[in-house]
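Visitor: Pasting a structure here, questions to come.
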Amino acid sequence: MFKVSNLTVSVEDKEILKDFSIDVSPGEVHAIMGPNGSGKSTLAHVCAGKEDYTVLNGEVLLNDENLLDLDPDERSTRGLFLAFQYPIEIPGVTTMTFLKSSLEAHYKANCKEVLSTPDFMKLVREKAAELNIDDDMIRRPLNVGFSGGEKKRNEILQMALLDPKICILDETDSGLDIDALKLVAEGVNKLRSESRSFIVITHYQRLLDYIKPDYVHIMYKGKIIETGDSTLALDLEKSGYNNYIK
Amino acid sequence: MPAVKETVKQVDEISVDKYKFGWSTDFDVEKSPIGLSEDTIRFISKKKNEPEWMLEWRLDAFHRYNTMTEPEWAKVNYPKINYDNMYFYSAPKNVEGPKSLDEVDPELLKTYEKLGIPLKEQEMLAGVKKNIAVDAVFDSVSVVTTFKDKLAEDGIIFCSISEAIQNHPDLVKKYLSSVVPKSDNYYSALNSAVFTDGSFVYIPPDTRCPMELSTYFRINDQNTGQFERTLIIADKGSYVSYLEGCTAPQRDENQLHAAVVELIALENAEIKYSTVQNWYPGDENGVGGIYNFVTKRGDCRGKNSKISWTQVETGSAVTWKYPSCILRGDNSVGEFYSIAISNSYQQIDSGTKMIHLGKNTTSKIISKGISAGHSSNAYRGLVSSHRKAENARNFTQCDSLLIGNNCSAHTVPYIETKNPTTIFEHEATTSKISDDQIFYCGQRGINVEVAIALIVNGFCKEVLQELPMEFAVEAQKLVGISLEGSVG
Ligand SMILES: Nc1ncnc2c1ncn2[C@@H]1O[C@H](COP(=O)(O)OP(=O)(O)OP(=O)(O)O)[C@@H](O)[C@H]1O
Ligand SMILES: [Mg+2]
């Protein structure tokens, strides 16, 4: 369903991803852990189509279509969602307006009927309430002045609205207080389904207590060096990366 | 691929020919002698069957003009205009003085149709029931004025300036050039000498004009300078909202537009003047386009009067424009809301002047400049208080938004205070649309063009809100269209 194969990527002549591969089947949750600077965010960005990276080799396939040939908005409307490690602020554009533009772009691209404004607002309010996001926040400019935790919850809200096929969560747990962590994890668990897959990038085993992964990967220097089940994360928590880095 | 289909459709709709009003219509035209001379002016005046006093008035302006030189202080560059090569009067034939739409050249009506300007009132904007009276200007001759009769019931005069010269000479003599003197500047002198048409509005005392009045300008004939003259008088206790919208077909040669707009608000009167200007800006390489050198000024002549300018400037190759308010009456209020968008090689030097003369006068300036491509966008504003202007207040907010790395924004505020009780505040910001913002929008399915339109519309929200509803929607779309192709 979602498959990255032999991906080699450089930035300014420095190779960040080296022959990286991962294969995610429908409904699976894969966790990626790894030391700072190992290339986790780079992987997420390249999959989503950010510029400034040079892809030297490899493919990113979503349902057999190579995403690398598409613009970021097309990858999004095909069903790839990236929850940013550092969500971006857009002054002047209210969160509600942004959500509407985003959802409309998805509906249009997928030939679905666009919701009426009242129906849309109802939908947003519903999903927002589940994540403890109040009306006031939705009326403020996107991410401007949001606390770290608010930004992350706002990412999950967008994920819930856009109905993606593959979700990449880049350190969505960092900066969250304990209650917010539970809310976000519940939000994610609610979206888990047979047809939707997740790649969860995290530094902390704690998140994986809430979101049970099918696989845990250790990423180091641009590639996966170890794969296991959820016990791998527990081991890591105890003994650190040193045992795995050769 | 639904996404691709949608994109293709949008491209078809908008950017096949980037400037969608870029075509011209073939008409038989009647032109004045080429170049600028007393003969040209006599020709124009005779053609328009003007009274002797008007001819004298024009010749006086022409003599003043001859003593003046073209200004060079604005932050714009353009090749010298050769006035000897230009026709100062050109009118489509067969349209002199039609009594109704039926008499109007069908070609002309088709032209308006393509522009989306319906002459019949309800067609103004599909679905909007509100009536808008349209005085359409095609090149130099005002073609048709709708709604005149209905407005006349309230004593409101809304007609072309030529008609006003014939039918309301006292009002014209009293107010014409009372705000912008003939020799105010090079272009106002030129305009006074050769202006060919424009709109005239008079609102009688204690009358609220029941509809938005609107003029669409259109420049069609090649090598024709356009010199509109607009005069709006709001008598004591009256209110009027006036909309001006403009489009022009594509031309390789630059065309000069030097209009003069004068507004007069008497005691307790209010005038709201809104402009959407999307004249041909030239192509991606900066070839062609309109030169827009306009003098717009409002005089808050009476106590408690108010004049409010709102402008959305997206067109023209070179713009030089400072809608201003003279706050003469005590407690009078002046406002200026502006969105100026420059793309490709456009140059804009725009802003306002707020001249505080009376006591307790207040003014507000909200300027939003957006520059993209290789364009240059300058805000130039003067706020001054006279010795006698006790408690003059001004608030200025001047924000610039940059798109890409090759454009520039400049803010040039001049502040003069001669009264110690004056309080003038000025705030300015500059920001840039970042690649990260564009990527973030893209990740949520919003393509580059839509993302820019979204961010820019957010940036100018405060000003868009000032536009009459019918215009606001159009303006929002225009903001998107005018920035197409601004990011690689
Ligand atoms: N635009 C860039 N220019 C130069 N170097 C870059 C750029 N982007 C990423 N890098 C480098 O690539 C490496 C991987 O960065 P990346 O952000 O992918 O790491 P990460 O695994 O997400 O780290 P963290 O756990 O701290 O979030 C780092 O050494 C980083 O400095
Ligand atoms: Mg990272």
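Residues in the structure tokens are numbered from 1 in each chain, the chains being A, B, ... in the order shown, and ligands are numbered from 1 in the order shown.
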So that I can see what lies close to Leu70 of chain A, please list as a PyMOL selection string the residues with an atom at most 10 Å from it, counting only C-alpha atoms and leaving out residues fewer than 5 positions away in the same chain.

Guide: chain A and resi 48-49+65+75-76+78

Visitor: Could you tell me which residues of chain B sit within 9 Å of chain A when counting only C-alpha atoms, and give me the result as a ChimeraX atom specification?

Guide: /B:1-6,433,435-437,439-448,450-451,454-461

Visitor: Suppose we keep N, CA, C and O atoms; can you now write the selection as a short mmCIF file (atom, residue, chain, number, x, y, z; two decimals), in the first residue's frame?

Guide:
data_model
loop_
_atom_site.label_atom_id
_atom_site.label_comp_id
_atom_site.auth_asym_id
_atom_site.auth_seq_id
_atom_site.Cartn_x
_atom_site.Cartn_y
_atom_site.Cartn_z
N MET B 1 -7.50 11.21 -13.53
CA MET B 1 -6.86 12.09 -12.54
C MET B 1 -7.74 13.30 -12.27
O MET B 1 -7.65 14.30 -13.01
N PRO B 2 -8.58 13.24 -11.29
CA PRO B 2 -9.48 14.37 -11.05
C PRO B 2 -8.72 15.67 -10.76
O PRO B 2 -9.11 16.72 -11.21
N ALA B 3 -7.61 15.55 -10.02
CA ALA B 3 -6.87 16.76 -9.64
C ALA B 3 -6.39 17.48 -10.88
O ALA B 3 -6.51 18.68 -11.03
N VAL B 4 -5.86 16.69 -11.80
CA VAL B 4 -5.31 17.28 -13.01
C VAL B 4 -6.42 17.93 -13.82
O VAL B 4 -6.29 19.03 -14.32
N LYS B 5 -7.54 17.24 -13.91
CA LYS B 5 -8.67 17.76 -14.68
C LYS B 5 -9.08 19.13 -14.16
O LYS B 5 -9.26 20.07 -14.92
N GLU B 6 -9.19 19.19 -12.87
CA GLU B 6 -9.61 20.45 -12.24
C GLU B 6 -8.61 21.57 -12.56
O GLU B 6 -8.98 22.67 -12.90
N ILE B 433 5.96 35.75 2.09
CA ILE B 433 5.36 34.42 2.03
C ILE B 433 6.52 33.44 1.92
O ILE B 433 7.32 33.51 0.99
N ASP B 435 8.58 29.70 1.71
CA ASP B 435 8.44 28.40 1.06
C ASP B 435 7.79 27.40 2.02
O ASP B 435 7.02 26.54 1.60
N ASP B 436 8.11 27.53 3.31
CA ASP B 436 7.52 26.63 4.29
C ASP B 436 6.01 26.78 4.35
O ASP B 436 5.29 25.78 4.48
N GLN B 437 5.53 28.02 4.24
CA GLN B 437 4.07 28.23 4.25
C GLN B 437 3.43 27.59 3.01
O GLN B 437 2.39 26.94 3.10
N PHE B 439 4.63 25.11 1.28
CA PHE B 439 4.71 23.65 1.42
C PHE B 439 3.64 23.13 2.38
O PHE B 439 2.98 22.12 2.11
N TYR B 440 3.47 23.84 3.46
CA TYR B 440 2.45 23.43 4.44
C TYR B 440 1.07 23.41 3.79
O TYR B 440 0.31 22.44 3.92
N CYS B 441 0.74 24.47 3.06
CA CYS B 441 -0.55 24.50 2.35
C CYS B 441 -0.63 23.34 1.36
O CYS B 441 -1.66 22.67 1.26
N GLY B 442 0.45 23.12 0.62
CA GLY B 442 0.48 22.03 -0.36
C GLY B 442 0.21 20.71 0.32
O GLY B 442 -0.58 19.89 -0.16
N GLN B 443 0.83 20.47 1.46
CA GLN B 443 0.65 19.23 2.19
C GLN B 443 -0.81 19.03 2.56
O GLN B 443 -1.27 17.91 2.75
N ARG B 444 -1.56 20.10 2.66
CA ARG B 444 -2.99 19.97 2.99
C ARG B 444 -3.86 20.03 1.74
O ARG B 444 -5.06 20.28 1.83
N GLY B 445 -3.22 19.88 0.56
CA GLY B 445 -3.99 19.79 -0.68
C GLY B 445 -4.21 21.11 -1.39
O GLY B 445 -4.85 21.15 -2.43
N ILE B 446 -3.68 22.18 -0.83
CA ILE B 446 -3.93 23.51 -1.40
C ILE B 446 -2.77 23.85 -2.34
O ILE B 446 -1.63 23.98 -1.89
N ASN B 447 -3.05 23.99 -3.63
CA ASN B 447 -1.95 24.23 -4.56
C ASN B 447 -1.39 25.64 -4.45
O ASN B 447 -1.95 26.50 -3.78
N VAL B 448 -0.26 25.86 -5.11
CA VAL B 448 0.50 27.10 -4.91
C VAL B 448 -0.35 28.36 -5.17
O VAL B 448 -0.35 29.29 -4.37
N VAL B 450 -3.60 28.79 -5.24
CA VAL B 450 -4.66 28.97 -4.24
C VAL B 450 -4.06 29.40 -2.91
O VAL B 450 -4.60 30.26 -2.21
N ALA B 451 -2.91 28.81 -2.57
CA ALA B 451 -2.26 29.14 -1.30
C ALA B 451 -1.89 30.62 -1.25
O ALA B 451 -2.14 31.31 -0.26
N LEU B 454 -4.92 32.69 -0.89
CA LEU B 454 -5.44 32.55 0.47
C LEU B 454 -4.66 33.44 1.44
O LEU B 454 -5.23 34.19 2.23
N ILE B 455 -3.34 33.36 1.35
CA ILE B 455 -2.49 34.12 2.27
C ILE B 455 -2.62 35.62 2.01
O ILE B 455 -2.74 36.42 2.94
N VAL B 456 -2.65 35.97 0.71
CA VAL B 456 -2.74 37.40 0.39
C VAL B 456 -4.11 37.96 0.79
O VAL B 456 -4.21 39.05 1.35
N ASN B 457 -5.17 37.18 0.54
CA ASN B 457 -6.49 37.66 0.95
C ASN B 457 -6.56 37.82 2.47
O ASN B 457 -7.21 38.73 2.97
N GLY B 458 -5.89 36.92 3.19
CA GLY B 458 -5.84 37.05 4.64
C GLY B 458 -5.10 38.32 5.03
O GLY B 458 -5.52 39.06 5.92
N PHE B 459 -4.04 38.58 4.32
CA PHE B 459 -3.21 39.76 4.58
C PHE B 459 -4.00 41.06 4.36
O PHE B 459 -3.81 42.04 5.07
N CYS B 460 -4.87 41.07 3.35
CA CYS B 460 -5.60 42.32 3.07
C CYS B 460 -7.02 42.34 3.60
O CYS B 460 -7.79 43.20 3.22
N LYS B 461 -7.37 41.39 4.44
CA LYS B 461 -8.75 41.28 4.91
C LYS B 461 -9.34 42.61 5.40
O LYS B 461 -10.46 42.96 5.04
#

Visitor: In Å to one decimal, how far is atom CA of Pro181 of chain B from atom CA of Cys398 of chain B?

Guide: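 Spanning atom CA of Cys398 of chain B to atom CA of Pro181 of chain B is a straight-line distance of 29.0 Å.
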
Visitor: If the limit is 7 Å from any atom of ligand 2, counting only C-alpha atoms and all ligand atoms, which residues qualify? Return them as a PDB file with N, CA and C atoms, in the first residue's frame.

Guide:
ATOM      1  N   LYS A  40      14.875  11.289  10.167  1.00  0.00           N
ATOM      2  CA  LYS A  40      13.448  10.953  10.273  1.00  0.00           C
ATOM      3  C   LYS A  40      12.568  12.031   9.629  1.00  0.00           C
ATOM      4  N   SER A  41      12.833  13.291   9.992  1.00  0.00           N
ATOM      5  CA  SER A  41      12.032  14.374   9.403  1.00  0.00           C
ATOM      6  C   SER A  41      12.307  14.502   7.912  1.00  0.00           C
ATOM      7  N   GLN A  85       6.429  18.134  12.517  1.00  0.00           N
ATOM      8  CA  GLN A  85       7.123  18.281  13.795  1.00  0.00           C
ATOM      9  C   GLN A  85       7.013  19.738  14.253  1.00  0.00           C
ATOM     10  N   ASP A 170       5.162  13.170  12.658  1.00  0.00           N
ATOM     11  CA  ASP A 170       6.544  13.481  13.011  1.00  0.00           C
ATOM     12  C   ASP A 170       6.604  14.096  14.404  1.00  0.00           C
TER      13      ASP A 170
END

Visitor: So which bits of segment 133-241 of chain A end up strand (DSSP E) when you DSSP the backbone, as a list in words?

Guide: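 For segment 133-241 of chain A, the strand (DSSP E) set is Pro141, Leu142, Ile166, Cys167, Ile168, Leu169, Asp170, Ser197, Phe198, Ile199, Val200, Ile201, Tyr215, Val216, His217, Ile218, Met219, Tyr220, Lys223, Ile224, Ile225, Glu226, Thr227 and Gly228 of chain A.
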
Visitor: Using only C-alpha atoms and all ligand atoms, determine which residues fall within 6 Å of ligand 1, then list them as a ChimeraX atom specification.

Guide: /A:11,16,35-42

Visitor: Show me, as a PyMOL selection string, the residues that have an atom within 8 Å of segment 195-210 of chain A when counting only C-alpha atoms, minus same-chain residues fewer than 4 positions from it.

Guide: chain A and resi 24-35+40+164-174+181-182+185-186+191+230+233-234+237

Visitor: Can you tell me, as a ChimeraX atom specification, what residues are no more than 9 Å from Val124 of chain A when counting only C-alpha atoms, ignoring any on the same chain fewer than 2 positions away?

Guide: /A:96,99,119-122,126-129,138,157,161

Visitor: For Ile326 of chain B, work out the shell of residues within 6 Å, counting only C-alpha atoms and skipping chain neighbours fewer than 3 positions away, then give it as a PyMOL selection string.

Guide: chain B and resi 299-300+355

Visitor: Name all residues at most 7 Å from segment 333-338 of chain B (count only C-alpha atoms; drop same-chain ones fewer than 5 positions away) and give them as a PDB file with N, CA and C atoms, in the first residue's frame.

Guide:
ATOM      1  N   SER B 305     -18.047  66.248   8.110  1.00  0.00           N
ATOM      2  CA  SER B 305     -18.133  65.514   6.853  1.00  0.00           C
ATOM      3  C   SER B 305     -17.129  64.367   6.853  1.00  0.00           C
ATOM      4  N   LYS B 306     -17.334  63.440   5.923  1.00  0.00           N
ATOM      5  CA  LYS B 306     -16.460  62.268   5.898  1.00  0.00           C
ATOM      6  C   LYS B 306     -16.216  61.814   4.463  1.00  0.00           C
ATOM      7  N   ILE B 307     -14.972  61.537   4.174  1.00  0.00           N
ATOM      8  CA  ILE B 307     -14.642  60.967   2.868  1.00  0.00           C
ATOM      9  C   ILE B 307     -13.779  59.737   3.082  1.00  0.00           C
ATOM     10  N   SER B 308     -14.177  58.665   2.405  1.00  0.00           N
ATOM     11  CA  SER B 308     -13.468  57.417   2.583  1.00  0.00           C
ATOM     12  C   SER B 308     -13.074  56.850   1.220  1.00  0.00           C
ATOM     13  N   TRP B 309     -11.797  56.655   1.000  1.00  0.00           N
ATOM     14  CA  TRP B 309     -11.295  56.053  -0.231  1.00  0.00           C
ATOM     15  C   TRP B 309     -10.958  54.594   0.027  1.00  0.00           C
ATOM     16  N   THR B 310     -11.427  53.709  -0.820  1.00  0.00           N
ATOM     17  CA  THR B 310     -10.970  52.322  -0.741  1.00  0.00           C
ATOM     18  C   THR B 310     -10.494  51.927  -2.127  1.00  0.00           C
ATOM     19  N   GLN B 311      -9.309  51.404  -2.228  1.00  0.00           N
ATOM     20  CA  GLN B 311      -8.828  51.040  -3.556  1.00  0.00           C
ATOM     21  C   GLN B 311      -8.179  49.668  -3.581  1.00  0.00           C
ATOM     22  N   VAL B 312      -8.426  48.957  -4.674  1.00  0.00           N
ATOM     23  CA  VAL B 312      -7.728  47.707  -4.935  1.00  0.00           C
ATOM     24  C   VAL B 312      -7.032  47.904  -6.271  1.00  0.00           C
ATOM     25  N   CYS B 325      -7.286  63.427   1.181  1.00  0.00           N
ATOM     26  CA  CYS B 325      -8.394  64.109   1.830  1.00  0.00           C
ATOM     27  C   CYS B 325      -7.901  65.433   2.405  1.00  0.00           C
ATOM     28  N   LEU B 327      -9.001  67.817   5.135  1.00  0.00           N
ATOM     29  CA  LEU B 327      -9.939  67.816   6.259  1.00  0.00           C
ATOM     30  C   LEU B 327     -10.101  69.256   6.725  1.00  0.00           C
ATOM     31  N   THR B 361     -10.122  66.948  13.702  1.00  0.00           N
ATOM     32  CA  THR B 361     -10.210  66.133  12.492  1.00  0.00           C
ATOM     33  C   THR B 361      -9.437  64.830  12.699  1.00  0.00           C
ATOM     34  N   THR B 362      -9.989  63.753  12.147  1.00  0.00           N
ATOM     35  CA  THR B 362      -9.304  62.468  12.316  1.00  0.00           C
ATOM     36  C   THR B 362      -9.128  61.782  10.969  1.00  0.00           C
ATOM     37  N   SER B 363      -8.059  61.049  10.846  1.00  0.00           N
ATOM     38  CA  SER B 363      -7.845  60.295   9.611  1.00  0.00           C
ATOM     39  C   SER B 363      -7.255  58.929   9.935  1.00  0.00           C
ATOM     40  N   LYS B 364      -7.509  58.010   9.024  1.00  0.00           N
ATOM     41  CA  LYS B 364      -7.050  56.641   9.218  1.00  0.00           C
ATOM     42  C   LYS B 364      -6.526  56.123   7.888  1.00  0.00           C
ATOM     43  N   ILE B 365      -5.380  55.503   7.919  1.00  0.00           N
ATOM     44  CA  ILE B 365      -4.782  54.973   6.700  1.00  0.00           C
ATOM     45  C   ILE B 365      -4.421  53.515   6.916  1.00  0.00           C
ATOM     46  N   ILE B 366      -4.984  52.637   6.105  1.00  0.00           N
ATOM     47  CA  ILE B 366      -4.591  51.235   6.161  1.00  0.00           C
ATOM     48  C   ILE B 366      -4.099  50.862   4.772  1.00  0.00           C
ATOM     49  N   SER B 367      -2.831  50.613   4.651  1.00  0.00           N
ATOM     50  CA  SER B 367      -2.275  50.311   3.339  1.00  0.00           C
ATOM     51  C   SER B 367      -1.644  48.930   3.330  1.00  0.00           C
ATOM     52  N   LYS B 368      -2.036  48.126   2.355  1.00  0.00           N
ATOM     53  CA  LYS B 368      -1.488  46.777   2.219  1.00  0.00           C
ATOM     54  C   LYS B 368      -0.837  46.658   0.849  1.00  0.00           C
ATOM     55  N   VAL B 463      -8.868  45.549   4.547  1.00  0.00           N
ATOM     56  CA  VAL B 463      -9.252  46.481   3.492  1.00  0.00           C
ATOM     57  C   VAL B 463     -10.416  45.924   2.678  1.00  0.00           C
TER      58      VAL B 463
END

Visitor: Using only C-alpha atoms for the distances, tell me which of A:Phe20, A:Tyr215, A:Phe146, A:Tyr53 is nearest to Thr231 of chain A.

Guide: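 Of the candidates, the smallest distance to Thr231 of chain A is held by A:Tyr215.
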
Visitor: Using only C-alpha atoms, which residues sit within 8 Å of Leu464 of chain B once same-chain residues fewer than 4 positions away are excluded, as a count of residues only?

Guide: 4

Visitor: Could you pull out the alpha helix (DSSP H) residues of segment 124-203 of chain A, going by DSSP on the backbone, and write them as a PyMOL selection string?

Guide: chain A and resi 124-130+135-139+148-162+178-191
